[in-house]
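S.K.: Quick one: this structure, given as structure tokens, is what I'll be asking you about.
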Amino acid sequence: MPEPLDPYHDEGAAIAATGAGGPTDLAMEEGETLEKNLDGGPDGGPDRKPRSLWSDAWRDLRRNPVFILSALVILFLVVISIWPSLIASGDPLDCDLSKAQEGSQPGHPFGFNGQGCDVYTRTVYGARTSVTVGVCATLGVALLGSALGGLAGFFGGAWDGFLSRITDIFFAIPVVLGGLVLLSVVTSSTVWPVVGFMVLLGWPQISRIARGSVITAKQNDYVQAARALGASNSRMLLRHITPNAIAPVIVVATIALGTYISLEATLSFLGVGLKPPTVSWGIDISSASQYIRNAPHMLLWPAGALAVTVLAFIMLGDAVRDALDPKLR
């Protein structure tokens, strides 16, 4: 007679056939597989670098098409600002009055302005001025505002109250009106008076943001623990507070960069910003405004370049804000 089937024997044979070595070994392998999945794959483990706000933000930015598009536009602007001769072989100050206000021609796709200068070449070289003003003004505003606001938020007391009143005074000054008053007495044609004016009136906004961010960060447990362990004020500021309070400043500064570029064009359009022979989009827009009916191309190209540049920086700032804001995750 055939022997009766032993279900336990068959189950053990099936387990042995898998090479697991028994039910206990099989359970251990399943546990190890689950642990690897939780750790993020075969490379996971206790030695794996922990995720941080910056790593998560960079991962989100790489997947954001808005960030990629705006970053490519800004990269292109930076490249042509440094090496404009890569795409424009002419001289922006080389003009021929016999070609004044003429339209597109072979070798001159954007036509000529009222002085007979090549609009394409001036548009390309104008990017250098705008990007230089925007970057320098943003760096100056971010450094000055972050330092003053961070110190006020960390120490508080009389310094905080004094700085708050100073910022209230600067907020009461209209930016364009302040530029008309302060820059009207400047005769220099360089970008530095304009940059200095933007830093002078722009730091209060960054200062208030940095102050609030530092006040929030210094109340966290890790800062209180560092203080209890005897950490100095400089160590707490540089090591614990600044890395965790700098994100809002970066977001606002990125968006403000585009604003400073448009502000430079506005002041140059009004005649108190950059002055000829400096090549600037604002100067070209100002000179082309009186010929808008007869030669609209003179206004279209520098104004379009300015709009694209400002939009790219604003889009970049929005993408960075979404990536650095934990509430949006």
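By order in the structure tokens, chains are A, B, ...; within a chain, residues start at 1; ligands start at 1, following the order shown.
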Restrict the calculation to only C-alpha atoms, then for each residue of range 129-236 of chain A with any atom at most 9 Å from an atom of range 274-284 of chain A give the closest atom pair and their distance in Å to one decimal, rows by chain and rising residue number, as a Markdown table.
M.R.:
| residue | atom | partner | partner_atom | distance |
| --- | --- | --- | --- | --- |
| A:Thr129 | CA | A:Ser280 | CA | 6.0 |
| A:Ser130 | CA | A:Ser280 | CA | 6.9 |
| A:Thr187 | CA | A:Lys275 | CA | 8.5 |
| A:Ser188 | CA | A:Lys275 | CA | 7.9 |
| A:Ser189 | CA | A:Lys275 | CA | 5.1 |
| A:Thr190 | CA | A:Leu274 | CA | 6.8 |
| A:Val191 | CA | A:Leu274 | CA | 6.5 |
| A:Pro193 | CA | A:Leu274 | CA | 8.7 |
| A:Val194 | CA | A:Leu274 | CA | 7.3 |
S.K.: Using DSSP on the backbone coordinates, identify all residues within range 149-327 of chain A classified as helix (DSSP H, G or I); present the result as a PyMOL selection string.
M.R.: chain A and resi 149-155+157-171+175-183+192-217+221-228+233-245+247-270+281-291+297-324+326-327
S.K.: Near Leu257 in chain A, counting only C-alpha atoms, which residues have an atom at most 9 Å away, once you skip same-chain residues fewer than 6 positions from it, shown as number ranges by chain?
M.R.: A: 131, 133-135, 137-138, 310, 313-314
S.K.: Go ahead and write the selection's residues with N, CA and C atoms as a compact mmCIF listing (two decimals), in the first residue's frame.
M.R.:
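Saved as result.txt:
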# COMPACT_ATOMS: atom_id res chain seq x y z
N VAL A 131 22.82 91.46 -15.51
CA VAL A 131 23.17 90.35 -14.62
C VAL A 131 24.17 90.81 -13.56
N VAL A 133 24.51 93.86 -12.25
CA VAL A 133 23.79 94.66 -11.26
C VAL A 133 22.94 93.77 -10.37
N GLY A 134 22.21 92.83 -10.96
CA GLY A 134 21.34 91.97 -10.17
C GLY A 134 22.10 91.10 -9.19
N VAL A 135 23.18 90.46 -9.64
CA VAL A 135 23.93 89.56 -8.78
C VAL A 135 24.65 90.33 -7.67
N ALA A 137 23.96 93.35 -6.43
CA ALA A 137 22.99 93.92 -5.49
C ALA A 137 22.40 92.84 -4.60
N THR A 138 22.10 91.68 -5.14
CA THR A 138 21.53 90.61 -4.32
C THR A 138 22.53 90.11 -3.28
N VAL A 310 13.84 88.53 -16.07
CA VAL A 310 13.15 88.71 -14.79
C VAL A 310 12.24 87.51 -14.50
N PHE A 313 14.27 84.42 -13.24
CA PHE A 313 14.69 84.48 -11.84
C PHE A 313 13.51 84.33 -10.89
N ILE A 314 12.36 84.86 -11.26
CA ILE A 314 11.18 84.70 -10.40
C ILE A 314 10.74 83.24 -10.38
S.K.: Calculated over only C-alpha atoms, which of the candidates A:Val223, A:Ala295, A:Ile241, A:Val175 has the smallest distance to Thr259 in chain A?
M.R.: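 The shortest atom-to-atom distance to Thr259 in chain A comes from A:Val175.
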S.K.: May I have the residues within 12 Å of Ala88 in chain A as a tab-separated table (two decimals) with C-alpha atoms, in the first residue's frame, using only C-alpha atoms and disregarding those fewer than 6 positions away in the same chain?
M.R.:
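This is the output file out_39.tsv:
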chain	number	residue	atom	x	y	z
A	80	ILE	CA	26.71	85.38	-22.64
A	81	SER	CA	27.30	87.94	-19.88
A	107	GLY	CA	23.84	89.70	-40.36
A	108	HIS	CA	21.66	92.07	-38.31
A	109	PRO	CA	18.55	90.06	-37.35
A	110	PHE	CA	17.17	92.65	-34.89
A	118	ASP	CA	23.04	96.94	-34.13
A	119	VAL	CA	20.13	96.08	-31.81
A	120	TYR	CA	21.12	92.42	-31.63
A	121	THR	CA	24.65	93.20	-30.43
A	122	ARG	CA	23.42	95.74	-27.89
A	123	THR	CA	20.81	93.30	-26.59
A	124	VAL	CA	23.46	90.62	-26.07
A	125	TYR	CA	25.91	92.97	-24.38
A	126	GLY	CA	23.12	94.46	-22.27
A	127	ALA	CA	22.78	91.13	-20.48
S.K.: Give me the residues within 10 Å of Gly161 in chain A as a list in words, counting only C-alpha atoms and dropping any in the same chain fewer than 5 places off.
M.R.: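 Result of the neighbour search: Ala152, Gly156 and Ile166 of chain A.
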S.K.: How close does each residue of range 74-116 of chain A get to range 301-307 of chain A, giving the shortest atom pair and distance in Å to one decimal for every residue with an atom at most 12 Å away, counting only C-alpha atoms, sorted by chain and residue number, as a Markdown table?
M.R.:
| residue | atom | partner | partner_atom | distance |
| --- | --- | --- | --- | --- |
| A:Ile74 | CA | A:Ala305 | CA | 11.7 |
| A:Leu77 | CA | A:Ala305 | CA | 9.8 |
| A:Ser104 | CA | A:Trp301 | CA | 11.8 |
| A:Pro109 | CA | A:Trp301 | CA | 10.5 |
| A:Phe110 | CA | A:Trp301 | CA | 7.2 |
| A:Gly111 | CA | A:Trp301 | CA | 9.8 |
| A:Phe112 | CA | A:Trp301 | CA | 11.0 |
| A:Asn113 | CA | A:Trp301 | CA | 10.8 |
S.K.: May I have all residues of range 34-283 of chain A that DSSP, computed from the backbone, assigns to strand (DSSP E or B), given as an NGL selection string?
M.R.: :A and (95 or 105 or 108 or 112 or 117-118)
S.K.: Excluding Phe154 in chain A and its own-chain neighbours fewer than 3 positions away, which residues fall within 12 Å of it when counting only C-alpha atoms? Please give them as JSON, numbers by chain.
M.R.: {"A": [146, 147, 148, 149, 150, 151, 157, 158, 159, 160, 210, 211, 212, 213, 214, 215, 216, 217, 218, 219, 223, 233, 234, 236, 237, 238, 240, 241, 242, 245]}
S.K.: Looking at only C-alpha atoms, which of A:Leu93, A:Leu300, A:Ala323, A:Met315 is the one that sits closest to Val66 in chain A?
M.R.: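 Residue with the minimum atom-to-atom distance to Val66 in chain A: A:Met315.
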